[in-house]
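Trainee: What follows is model.pdb, PDB, C-alpha atoms.
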```pdb
ATOM      1  CA  MET A  10      -6.696  50.549  -9.900
ATOM      2  CA  LYS A  11     -10.114  48.851  -9.982
ATOM      3  CA  PRO A  12     -11.561  46.436  -7.366
ATOM      4  CA  ILE A  13     -11.591  43.544  -9.841
ATOM      5  CA  VAL A  14     -10.853  40.710  -7.396
ATOM      6  CA  ILE A  15     -13.108  42.237  -4.756
ATOM      7  CA  ASN A  16     -16.051  42.460  -7.167
ATOM      8  CA  GLU A  17     -15.460  38.941  -8.433
ATOM      9  CA  ASN A  18     -15.829  37.698  -4.869
ATOM     10  CA  LEU A  19     -18.779  39.894  -3.959
ATOM     11  CA  TYR A  20     -20.782  38.829  -7.005
ATOM     12  CA  GLY A  21     -19.393  35.310  -7.296
ATOM     13  CA  VAL A  22     -22.020  33.929  -4.913
ATOM     14  CA  PHE A  23     -24.958  34.483  -7.250
ATOM     15  CA  PRO A  24     -24.355  31.524  -9.592
ATOM     16  CA  SER A  25     -24.385  29.342  -6.464
ATOM     17  CA  PHE A  26     -27.711  30.835  -5.394
ATOM     18  CA  ALA A  27     -29.015  30.190  -8.900
ATOM     19  CA  VAL A  28     -28.104  26.489  -8.741
ATOM     20  CA  ILE A  29     -30.122  26.070  -5.525
ATOM     21  CA  ALA A  30     -33.084  27.926  -7.061
ATOM     22  CA  GLY A  31     -32.843  25.722 -10.162
ATOM     23  CA  ILE A  32     -32.908  22.601  -7.995
ATOM     24  CA  GLU A  33     -35.892  23.824  -5.968
ATOM     25  CA  LEU A  34     -37.790  24.659  -9.166
ATOM     26  CA  ASP A  35     -36.852  21.294 -10.788
ATOM     27  CA  VAL A  36     -35.459  23.175 -13.816
ATOM     28  CA  PHE A  37     -33.014  20.367 -14.585
ATOM     29  CA  THR A  38     -35.683  17.661 -14.378
ATOM     30  CA  PHE A  39     -37.914  19.586 -16.816
ATOM     31  CA  LEU A  40     -34.973  19.861 -19.241
ATOM     32  CA  LYS A  41     -33.984  16.191 -19.069
ATOM     33  CA  GLY A  42     -33.667  15.044 -22.677
ATOM     34  CA  ALA A  43     -35.752  17.993 -23.884
ATOM     35  CA  PRO A  44     -33.935  21.273 -24.675
ATOM     36  CA  LEU A  45     -36.427  24.134 -24.518
ATOM     37  CA  THR A  46     -36.725  27.871 -25.035
ATOM     38  CA  ALA A  47     -37.354  29.973 -21.949
ATOM     39  CA  GLY A  48     -40.972  30.407 -23.021
ATOM     40  CA  ASP A  49     -41.624  26.683 -23.528
ATOM     41  CA  LEU A  50     -39.907  25.822 -20.258
ATOM     42  CA  ALA A  51     -41.876  28.492 -18.383
ATOM     43  CA  ARG A  52     -45.135  27.086 -19.720
ATOM     44  CA  ARG A  53     -44.206  23.553 -18.670
ATOM     45  CA  MET A  54     -43.242  24.796 -15.220
ATOM     46  CA  ALA A  55     -46.323  27.037 -14.964
ATOM     47  CA  VAL A  56     -44.221  30.110 -14.116
ATOM     48  CA  ARG A  57     -43.703  33.526 -15.723
ATOM     49  CA  GLU A  58     -41.175  33.603 -18.555
ATOM     50  CA  ASP A  59     -39.862  37.040 -17.574
ATOM     51  CA  LYS A  60     -39.105  35.774 -14.046
ATOM     52  CA  LEU A  61     -37.519  32.511 -15.198
ATOM     53  CA  THR A  62     -35.286  33.853 -17.977
ATOM     54  CA  PRO A  63     -32.686  35.668 -15.804
ATOM     55  CA  LEU A  64     -32.258  32.508 -13.749
ATOM     56  CA  LEU A  65     -31.635  30.397 -16.862
ATOM     57  CA  TYR A  66     -28.846  32.657 -18.102
ATOM     58  CA  LEU A  67     -27.248  32.664 -14.669
ATOM     59  CA  LEU A  68     -27.379  28.852 -14.671
ATOM     60  CA  VAL A  69     -25.518  28.965 -17.986
ATOM     61  CA  LYS A  70     -22.927  31.176 -16.324
ATOM     62  CA  ALA A  71     -22.785  28.676 -13.446
ATOM     63  CA  GLY A  72     -21.903  25.921 -15.915
ATOM     64  CA  VAL A  73     -24.932  23.666 -15.358
ATOM     65  CA  LEU A  74     -26.962  24.728 -18.440
ATOM     66  CA  ARG A  75     -26.045  25.395 -22.096
ATOM     67  CA  VAL A  76     -27.807  27.829 -24.390
ATOM     68  CA  ASP A  77     -27.835  27.806 -28.200
ATOM     69  CA  ASN A  78     -29.971  30.321 -30.110
ATOM     70  CA  GLY A  79     -32.229  30.789 -27.114
ATOM     71  CA  VAL A  80     -32.687  27.043 -26.474
ATOM     72  CA  PHE A  81     -31.564  25.825 -23.046
ATOM     73  CA  ALA A  82     -30.268  22.338 -22.234
ATOM     74  CA  ASN A  83     -28.681  20.562 -19.284
ATOM     75  CA  THR A  84     -24.965  19.929 -19.224
ATOM     76  CA  GLY A  85     -23.887  16.318 -18.778
ATOM     77  CA  GLU A  86     -23.128  16.958 -15.120
ATOM     78  CA  ALA A  87     -26.564  18.471 -14.503
ATOM     79  CA  ASP A  88     -28.224  15.483 -16.193
ATOM     80  CA  HIS A  89     -26.285  13.106 -13.966
ATOM     81  CA  PHE A  90     -26.602  14.848 -10.592
ATOM     82  CA  LEU A  91     -29.525  17.307 -10.721
ATOM     83  CA  VAL A  92     -32.336  15.360 -12.412
ATOM     84  CA  LYS A  93     -34.709  13.816  -9.896
ATOM     85  CA  ASP A  94     -34.791  10.289 -11.296
ATOM     86  CA  SER A  95     -30.997  10.028 -11.417
ATOM     87  CA  PRO A  96     -29.492   7.516  -8.954
ATOM     88  CA  ASP A  97     -26.838  10.134  -8.080
ATOM     89  CA  TYR A  98     -29.322  12.988  -7.560
ATOM     90  CA  MET A  99     -27.859  15.675  -5.280
ATOM     91  CA  GLY A 100     -30.854  17.972  -5.060
ATOM     92  CA  SER A 101     -32.079  16.545  -1.765
ATOM     93  CA  SER A 102     -29.176  18.316  -0.061
ATOM     94  CA  SER A 103     -30.253  21.805  -1.170
ATOM     95  CA  GLY A 104     -31.607  22.644   2.283
ATOM     96  CA  PHE A 105     -28.297  21.680   3.844
ATOM     97  CA  TYR A 106     -26.353  24.084   1.628
ATOM     98  CA  LYS A 107     -28.797  26.916   2.305
ATOM     99  CA  SER A 108     -28.376  26.377   6.034
ATOM    100  CA  ILE A 109     -24.562  26.563   5.941
ATOM    101  CA  TRP A 110     -24.716  29.714   3.790
ATOM    102  CA  GLU A 111     -27.032  31.313   6.339
ATOM    103  CA  MET A 112     -24.593  30.380   9.095
ATOM    104  CA  SER A 113     -21.667  31.895   7.210
ATOM    105  CA  LEU A 114     -23.387  35.273   6.912
ATOM    106  CA  LYS A 115     -23.003  35.598  10.696
ATOM    107  CA  THR A 116     -19.197  35.332  10.616
ATOM    108  CA  ALA A 117     -18.323  38.913  11.546
ATOM    109  CA  GLU A 118     -20.596  38.859  14.582
ATOM    110  CA  SER A 119     -19.318  35.435  15.683
ATOM    111  CA  ILE A 120     -15.750  36.728  15.597
ATOM    112  CA  ARG A 121     -16.648  40.073  17.187
ATOM    113  CA  THR A 122     -18.416  38.438  20.142
ATOM    114  CA  GLY A 123     -16.272  35.316  20.379
ATOM    115  CA  THR A 124     -19.501  33.283  20.419
ATOM    116  CA  PRO A 125     -20.946  31.239  17.528
ATOM    117  CA  GLN A 126     -24.031  33.073  16.280
ATOM    118  CA  ALA A 127     -25.590  30.003  14.650
ATOM    119  CA  LYS A 128     -24.606  27.519  17.316
ATOM    120  CA  LEU A 129     -25.560  23.881  16.915
ATOM    121  CA  ASP A 130     -25.983  22.573  20.446
ATOM    122  CA  PHE A 131     -26.839  18.908  20.104
ATOM    123  CA  HIS A 132     -26.995  18.523  23.880
ATOM    124  CA  GLY A 133     -29.737  21.080  24.428
ATOM    125  CA  LEU A 134     -31.607  21.555  21.148
ATOM    126  CA  PRO A 135     -35.365  20.821  21.527
ATOM    127  CA  ASP A 136     -36.502  17.631  19.821
ATOM    128  CA  ASN A 137     -38.564  19.403  17.158
ATOM    129  CA  GLN A 138     -35.636  21.633  16.144
ATOM    130  CA  LEU A 139     -33.226  18.700  16.249
ATOM    131  CA  LEU A 140     -35.481  16.674  13.971
ATOM    132  CA  LYS A 141     -35.822  19.608  11.558
ATOM    133  CA  TYR A 142     -32.027  19.927  11.418
ATOM    134  CA  PHE A 143     -31.530  16.211  10.822
ATOM    135  CA  ARG A 144     -34.210  16.123   8.106
ATOM    136  CA  ARG A 145     -32.060  18.580   6.147
ATOM    137  CA  GLN A 146     -28.905  16.686   7.038
ATOM    138  CA  PHE A 147     -30.078  13.131   6.296
ATOM    139  CA  PRO A 148     -29.674  13.134   2.477
ATOM    140  CA  HIS A 149     -26.113  14.414   2.910
ATOM    141  CA  SER A 150     -25.347  11.705   5.463
ATOM    142  CA  LEU A 151     -26.893   8.979   3.310
ATOM    143  CA  SER A 152     -24.965  10.054   0.208
ATOM    144  CA  GLY A 153     -21.767  10.107   2.278
ATOM    145  CA  GLY A 154     -22.403   6.497   3.268
ATOM    146  CA  GLN A 155     -23.096   5.553  -0.337
ATOM    147  CA  GLU A 156     -19.819   7.111  -1.468
ATOM    148  CA  LEU A 157     -17.950   5.278   1.285
ATOM    149  CA  ALA A 158     -19.612   2.023   0.230
ATOM    150  CA  ASP A 159     -18.429   2.601  -3.333
ATOM    151  CA  LYS A 160     -14.906   3.423  -2.163
ATOM    152  CA  VAL A 161     -14.302   0.731   0.470
ATOM    153  CA  ASP A 162     -15.301  -2.949   0.440
ATOM    154  CA  PHE A 163     -17.137  -3.439   3.741
ATOM    155  CA  SER A 164     -18.020  -7.060   2.920
ATOM    156  CA  ARG A 165     -14.989  -8.138   4.961
ATOM    157  CA  TYR A 166     -16.506  -6.616   8.122
ATOM    158  CA  THR A 167     -19.368  -7.810  10.298
ATOM    159  CA  THR A 168     -19.735  -5.229  13.092
ATOM    160  CA  LEU A 169     -19.699  -1.476  12.388
ATOM    161  CA  LEU A 170     -19.504   1.317  14.944
ATOM    162  CA  ASP A 171     -21.020   4.467  13.420
ATOM    163  CA  ALA A 172     -19.523   6.851  15.982
ATOM    164  CA  GLY A 173     -21.337  10.177  16.277
ATOM    165  CA  GLY A 174     -23.585   8.822  13.542
ATOM    166  CA  GLY A 175     -26.421  11.352  13.878
ATOM    167  CA  THR A 176     -29.271  10.194  11.651
ATOM    168  CA  GLY A 177     -27.634   6.832  10.946
ATOM    169  CA  GLY A 178     -27.462   7.667   7.243
ATOM    170  CA  VAL A 179     -23.968   6.201   6.866
ATOM    171  CA  SER A 180     -24.994   2.936   8.535
ATOM    172  CA  ILE A 181     -28.153   2.722   6.433
ATOM    173  CA  ALA A 182     -26.220   3.104   3.193
ATOM    174  CA  LEU A 183     -23.533   0.604   4.192
ATOM    175  CA  CYS A 184     -25.990  -2.028   5.464
ATOM    176  CA  ARG A 185     -28.070  -1.747   2.301
ATOM    177  CA  LYS A 186     -25.019  -2.547   0.160
ATOM    178  CA  PHE A 187     -23.369  -5.149   2.418
ATOM    179  CA  PRO A 188     -25.881  -7.736   3.696
ATOM    180  CA  GLY A 189     -23.425  -9.343   6.142
ATOM    181  CA  LEU A 190     -22.911  -6.089   8.058
ATOM    182  CA  THR A 191     -24.636  -5.027  11.278
ATOM    183  CA  ALA A 192     -24.173  -1.548  12.747
ATOM    184  CA  THR A 193     -24.513   0.460  15.943
ATOM    185  CA  VAL A 194     -25.066   4.222  15.842
ATOM    186  CA  ALA A 195     -23.404   5.721  18.924
ATOM    187  CA  ASP A 196     -24.377   9.276  19.771
ATOM    188  CA  LEU A 197     -25.906  11.494  22.446
ATOM    189  CA  PRO A 198     -29.151  10.199  24.018
ATOM    190  CA  ASN A 199     -31.378  12.839  22.385
ATOM    191  CA  VAL A 200     -29.689  12.256  19.019
ATOM    192  CA  VAL A 201     -30.071   8.463  18.946
ATOM    193  CA  LYS A 202     -33.812   8.944  19.464
ATOM    194  CA  MET A 203     -33.803  10.709  16.102
ATOM    195  CA  ALA A 204     -31.555   8.051  14.590
ATOM    196  CA  GLU A 205     -34.025   5.336  15.574
ATOM    197  CA  GLN A 206     -36.716   7.172  13.624
ATOM    198  CA  PHE A 207     -34.621   7.420  10.438
ATOM    199  CA  ILE A 208     -33.482   3.801  10.774
ATOM    200  CA  ALA A 209     -37.087   2.615  11.172
ATOM    201  CA  GLU A 210     -38.184   4.642   8.138
ATOM    202  CA  SER A 211     -35.415   3.005   6.099
ATOM    203  CA  GLY A 212     -36.509  -0.505   7.100
ATOM    204  CA  THR A 213     -33.127  -1.428   8.591
ATOM    205  CA  SER A 214     -34.004  -1.687  12.294
ATOM    206  CA  ASP A 215     -33.228  -5.415  12.241
ATOM    207  CA  ARG A 216     -29.569  -4.704  11.444
ATOM    208  CA  ILE A 217     -28.882  -1.270  12.927
ATOM    209  CA  GLY A 218     -29.084  -0.535  16.635
ATOM    210  CA  VAL A 219     -28.240   2.543  18.683
ATOM    211  CA  SER A 220     -26.096   3.286  21.727
ATOM    212  CA  ALA A 221     -26.665   6.401  23.833
ATOM    213  CA  VAL A 222     -23.223   7.713  24.802
ATOM    214  CA  ASP A 223     -21.250  10.955  24.977
ATOM    215  CA  LEU A 224     -18.127   9.915  23.084
ATOM    216  CA  CYS A 225     -16.175  12.834  24.525
ATOM    217  CA  ARG A 226     -16.626  11.300  27.981
ATOM    218  CA  GLU A 227     -16.710   7.518  27.555
ATOM    219  CA  ALA A 228     -16.287   4.615  25.181
ATOM    220  CA  PRO A 229     -19.318   2.893  23.628
ATOM    221  CA  THR A 230     -20.103  -0.661  24.677
ATOM    222  CA  GLY A 231     -19.243  -3.612  22.437
ATOM    223  CA  VAL A 232     -16.299  -4.556  20.258
ATOM    224  CA  TYR A 233     -16.261  -3.701  16.547
ATOM    225  CA  ASP A 234     -14.119  -4.702  13.594
ATOM    226  CA  VAL A 235     -14.633  -1.371  11.795
ATOM    227  CA  ALA A 236     -15.604   2.151  12.866
ATOM    228  CA  VAL A 237     -16.632   5.284  10.985
ATOM    229  CA  LEU A 238     -16.456   8.874  12.218
ATOM    230  CA  ARG A 239     -18.199  11.094   9.683
ATOM    231  CA  ALA A 240     -18.280  14.876  10.220
ATOM    232  CA  VAL A 241     -17.581  14.465  13.945
ATOM    233  CA  VAL A 242     -13.954  15.334  14.750
ATOM    234  CA  GLN A 243     -14.265  18.750  13.106
ATOM    235  CA  THR A 244     -17.154  19.737  15.402
ATOM    236  CA  LEU A 245     -15.057  19.336  18.573
ATOM    237  CA  SER A 246     -12.308  21.156  20.430
ATOM    238  CA  ARG A 247      -8.887  19.568  20.190
ATOM    239  CA  PRO A 248      -9.117  17.920  23.679
ATOM    240  CA  ASP A 249     -12.623  16.571  22.967
ATOM    241  CA  ALA A 250     -11.576  15.370  19.515
ATOM    242  CA  GLN A 251      -8.613  13.548  21.042
ATOM    243  CA  ALA A 252     -10.841  11.967  23.703
ATOM    244  CA  THR A 253     -13.435  10.911  21.118
ATOM    245  CA  VAL A 254     -10.872   9.222  18.879
ATOM    246  CA  ALA A 255      -9.428   7.430  21.924
ATOM    247  CA  HIS A 256     -12.853   6.255  23.137
ATOM    248  CA  VAL A 257     -13.764   4.959  19.678
ATOM    249  CA  GLY A 258     -10.449   3.107  19.597
ATOM    250  CA  GLN A 259     -11.239   1.446  22.932
ATOM    251  CA  ALA A 260     -14.321  -0.159  21.368
ATOM    252  CA  MET A 261     -12.408  -1.527  18.370
ATOM    253  CA  ALA A 262     -10.801  -4.944  18.071
ATOM    254  CA  PRO A 263      -7.010  -5.075  17.580
ATOM    255  CA  GLY A 264      -6.250  -4.564  13.897
ATOM    256  CA  ALA A 265      -9.693  -3.058  13.218
ATOM    257  CA  ASP A 266     -10.038  -0.294  10.617
ATOM    258  CA  LEU A 267     -11.105   3.283  11.333
ATOM    259  CA  TYR A 268     -12.451   5.554   8.592
ATOM    260  CA  ILE A 269     -12.811   9.273   9.293
ATOM    261  CA  ILE A 270     -14.715  11.366   6.749
ATOM    262  CA  GLY A 271     -14.473  15.108   7.092
ATOM    263  CA  THR A 272     -12.837  18.382   6.235
ATOM    264  CA  VAL A 273      -9.079  18.117   6.591
ATOM    265  CA  MET A 274      -6.663  20.996   5.975
ATOM    266  CA  ASP A 275      -3.314  20.491   4.349
ATOM    267  CA  ASN A 276      -0.514  21.566   6.653
ATOM    268  CA  SER A 277      -0.265  25.001   5.011
ATOM    269  CA  ARG A 278      -3.910  25.692   5.993
ATOM    270  CA  LEU A 279      -4.506  27.063   2.465
ATOM    271  CA  GLY A 280      -6.533  24.171   1.102
ATOM    272  CA  PRO A 281      -8.386  22.253  -0.051
ATOM    273  CA  PRO A 282     -11.125  24.826  -0.830
ATOM    274  CA  ILE A 283     -13.956  22.880   0.834
ATOM    275  CA  SER A 284     -12.019  22.784   4.104
ATOM    276  CA  LEU A 285     -11.454  26.531   3.982
ATOM    277  CA  ALA A 286     -15.177  27.040   3.392
ATOM    278  CA  TYR A 287     -16.235  24.793   6.243
ATOM    279  CA  SER A 288     -13.805  26.509   8.604
ATOM    280  CA  MET A 289     -16.030  29.565   8.287
ATOM    281  CA  VAL A 290     -19.153  27.486   8.886
ATOM    282  CA  PHE A 291     -17.640  25.870  11.986
ATOM    283  CA  LEU A 292     -16.701  29.153  13.683
ATOM    284  CA  ASN A 293     -20.361  30.145  13.423
ATOM    285  CA  SER A 294     -21.832  26.835  14.525
ATOM    286  CA  TYR A 295     -19.496  25.336  17.150
ATOM    287  CA  ASP A 296     -17.704  26.687  20.205
ATOM    288  CA  SER A 297     -14.335  25.207  19.241
ATOM    289  CA  GLY A 298     -14.759  23.042  16.130
ATOM    290  CA  GLN A 299     -12.410  23.440  13.192
ATOM    291  CA  ALA A 300     -10.959  21.729  10.140
ATOM    292  CA  TYR A 301      -7.833  20.130  11.600
ATOM    293  CA  THR A 302      -4.681  19.653   9.545
ATOM    294  CA  GLU A 303      -3.197  16.358   8.391
ATOM    295  CA  MET A 304      -0.471  16.807  11.001
ATOM    296  CA  GLU A 305      -3.043  17.308  13.758
ATOM    297  CA  TYR A 306      -5.059  14.257  12.675
ATOM    298  CA  ARG A 307      -1.928  12.143  12.583
ATOM    299  CA  ALA A 308      -0.962  13.225  16.100
ATOM    300  CA  MET A 309      -4.471  12.506  17.463
ATOM    301  CA  LEU A 310      -4.609   9.058  15.889
ATOM    302  CA  GLU A 311      -1.114   8.010  16.947
ATOM    303  CA  THR A 312      -1.792   9.149  20.522
ATOM    304  CA  ALA A 313      -4.984   7.053  20.536
ATOM    305  CA  GLY A 314      -3.133   3.911  19.423
ATOM    306  CA  PHE A 315      -3.661   3.915  15.658
ATOM    307  CA  THR A 316      -1.142   3.245  12.928
ATOM    308  CA  ASP A 317      -0.972   3.001   9.088
ATOM    309  CA  ILE A 318      -2.557   6.457   8.740
ATOM    310  CA  SER A 319      -3.410   7.691   5.231
ATOM    311  CA  PHE A 320      -5.346  10.591   3.656
ATOM    312  CA  ASP A 321      -7.431  10.368   0.479
ATOM    313  CA  TYR A 322      -8.975  13.529  -0.993
ATOM    314  CA  ASP A 323     -10.266  11.832  -4.152
ATOM    315  CA  ILE A 324     -13.823  11.477  -2.809
ATOM    316  CA  PHE A 325     -16.741  13.341  -1.255
ATOM    317  CA  GLY A 326     -16.448  16.484  -3.365
ATOM    318  CA  GLY A 327     -13.231  17.665  -1.756
ATOM    319  CA  MET A 328     -13.678  16.189   1.689
ATOM    320  CA  CYS A 329     -11.110  13.706   2.936
ATOM    321  CA  LEU A 330     -11.156  10.025   3.873
ATOM    322  CA  VAL A 331      -8.690   9.314   6.653
ATOM    323  CA  HIS A 332      -7.874   5.653   7.204
ATOM    324  CA  ALA A 333      -6.081   4.218  10.253
ATOM    325  CA  LYS A 334      -5.670   0.811  11.845
ATOM    326  CA  LYS A 335      -5.984  -0.048  15.545
ATOM    327  CA  ARG A 336      -2.716  -1.445  16.860
TER
END
```
Mind turning the file's structure into structure tokens?
Mentor:
Amino acid sequence: MKPIVINENLYGVFPSFAVIAGIELDVFTFLKGAPLTAGDLARRMAVREDKLTPLLYLLVKAGVLRVDNGVFANTGEADHFLVKDSPDYMGSSSGFYKSIWEMSLKTAESIRTGTPQAKLDFHGLPDNQLLKYFRRQFPHSLSGGQELADKVDFSRYTTLLDAGGGTGGVSIALCRKFPGLTATVADLPNVVKMAEQFIAESGTSDRIGVSAVDLCREAPTGVYDVAVLRAVVQTLSRPDAQATVAHVGQAMAPGADLYIIGTVMDNSRLGPPISLAYSMVFLNSYDSGQAYTEMEYRAMLETAGFTDISFDYDIFGGMCLVHAKKR
């Protein structure tokens, strides 16, 4: 017997590392519409050909480049998502992916000690570290809001509660697309200070406000006809997640819509793959966060007074959109 599956897993990470390196070096932007040899590309990038060449072949293995007689070219997917001038450019999130990989390397020690070794403590993190974290996170949050805007018609709403909204990226994206929408980012006091900065930089301060509140402990002020919880429930223990969903519901008008974006497990706990991956990230970064199952989400929402619950995995690269309606 040979360790075939074991080796596939141990070495399977390197194409992923190559994609991040390619993004950081702008390889895909240099190759936009201009297939090149390794030597020509190295000269354009002002790097050494012997250092660049192994990366290019690994990017071919990763499925984001093609090679024909020593000439490298982007795949269609790389042209669409990894070239800087593309409207769907994903490269801004490279720092986010590096950070979750670094967290995951601490898994054994987190399990051994019972304590997350890369803990994200939004209550106590110093402002400079919090801002650094959110700078990496903001492109991911903004793209999540853009995807939601493409998926759901928010023109029928006027008041949005962006619950646990962090940087406000979701609100920014939604308000840019839907001019009749105003939003409130509700989060911890030290977090909404950061949100105000991102909102001001985006030029949307006239339509997006903030509310300093611990959603695990109390409901935000105001009444809203739609609410979004993006990447929030999964960061909390089951009791805190239940309390947060209930408090958000208390601020929603009867019949209002709730959209939860996050990692949701199927009831077997064997998929989807992104939820399995984030489960490892969460055990390193949160005391009790986890990717809850569909059954667990349904129970939380029904207990909090929501109905018409549905799950849609056809978005967000494998993440799930949960929709529910306030009774």
Trainee: Written as an mmCIF file with C-alpha atoms, keeping the file's coordinate frame, what is the full residue list that the PyMOL selection byres ((chain A and resi 163) around 9) yields on the file shown?
Mentor:
```cif
data_model
loop_
_atom_site.group_PDB
_atom_site.id
_atom_site.type_symbol
_atom_site.label_atom_id
_atom_site.label_comp_id
_atom_site.auth_asym_id
_atom_site.auth_seq_id
_atom_site.Cartn_x
_atom_site.Cartn_y
_atom_site.Cartn_z
ATOM 1 C CA ALA A 158 -19.612 2.023 0.230
ATOM 2 C CA VAL A 161 -14.302 0.731 0.470
ATOM 3 C CA ASP A 162 -15.301 -2.949 0.440
ATOM 4 C CA SER A 164 -18.020 -7.060 2.920
ATOM 5 C CA ARG A 165 -14.989 -8.138 4.961
ATOM 6 C CA TYR A 166 -16.506 -6.616 8.122
ATOM 7 C CA THR A 167 -19.368 -7.810 10.298
ATOM 8 C CA LEU A 183 -23.533 0.604 4.192
ATOM 9 C CA LYS A 186 -25.019 -2.547 0.160
ATOM 10 C CA PHE A 187 -23.369 -5.149 2.418
ATOM 11 C CA GLY A 189 -23.425 -9.343 6.142
ATOM 12 C CA LEU A 190 -22.911 -6.089 8.058
ATOM 13 C CA VAL A 235 -14.633 -1.371 11.795
#
```
Trainee: Expand the PyMOL selection byres ((chain A and resi 195) around 9) into the explicit residue set it covers here, and present it as number ranges by chain.
Mentor: A: 170-175, 193-194, 196-198, 201, 218-224, 229
Trainee: For the file shown, report as a list in words the outcome of the PyMOL selection byres ((chain A and resi 248) around 12) at residue level.
Mentor: Cys225, Arg226, Val242, Gln243, Thr244, Leu245, Ser246, Arg247, Asp249, Ala250, Gln251, Ala252, Thr253, Val254, Ala255, Ser297, Gly298, Glu305, Met309 and Thr312 of chain A
Trainee: Nearest to A:Thr38: which of A:Lys11, A:His89, A:Arg75, A:Arg57 is it, counting only C-alpha atoms?
Mentor: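 Going through A:Lys11, A:His89, A:Arg75, A:Arg57 one by one, the smallest distance to A:Thr38 is for A:His89.
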Trainee: Hey, could you make a per-residue contact list for stretch 187-295 of chain A against stretch 106-115 of chain A with 8 Å as the cut-off, showing the nearest pair of atoms and its distance in Å to one decimal, counting all atoms listed in the file, sorted by chain and number, as CSV?
Mentor:
```
residue,atom,partner,partner_atom,distance
A:Met289,CA,A:Ser113,CA,6.2
A:Val290,CA,A:Ser113,CA,5.3
A:Asn293,CA,A:Met112,CA,6.1
A:Ser294,CA,A:Met112,CA,7.0
```
Trainee: Which value, in Å to one decimal, gives the distance between atom CA of A:Phe131 and atom CA of A:Met203?
Mentor: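 Going from atom CA of A:Phe131 over to atom CA of A:Met203, I get 11.5 Å.
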Trainee: Rounded to one decimal, what separation in Å do you get between atom CA of A:Ile32 and atom CA of A:Leu151?
Mentor: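 For atom CA of A:Ile32 relative to atom CA of A:Leu151, the distance reads 18.7 Å.
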Trainee: Would you pick out the contacts of A:Met261 at 12 Å or less, using all atoms listed in the file, so that residues sharing its chain but fewer than 4 positions from it are not included, and give the list as a VMD selection string?
Mentor: chain A and resid 168 to 172 228 to 237 254 to 257 265 to 267 313 to 315 333 to 336
Trainee: Near A:Leu129, within 10 Å and counting only C-alpha atoms, which residues show up once chain neighbours fewer than 4 positions away are dropped, as a list of chain:residue names?
Mentor: A:Pro125, A:Gly133, A:Leu134, A:Leu139, A:Tyr142, A:Thr244, A:Phe291, A:Asn293, A:Ser294, A:Tyr295, A:Asp296
Trainee: Report as a PyMOL selection string all protein, DNA and RNA residues lying within 6 Å of stretch 239-241 of chain A, evaluated on all atoms listed in the file, omitting residues in the same chain fewer than 3 positions from it.
Mentor: chain A and resi 244+269-271
Trainee: Name the residues in contact with A:Val273 at a cut-off of 6 Å, using only C-alpha atoms, excluding same-chain residues fewer than 5 positions from it; report them as a ChimeraX atom specification.
Mentor: /A:300-302
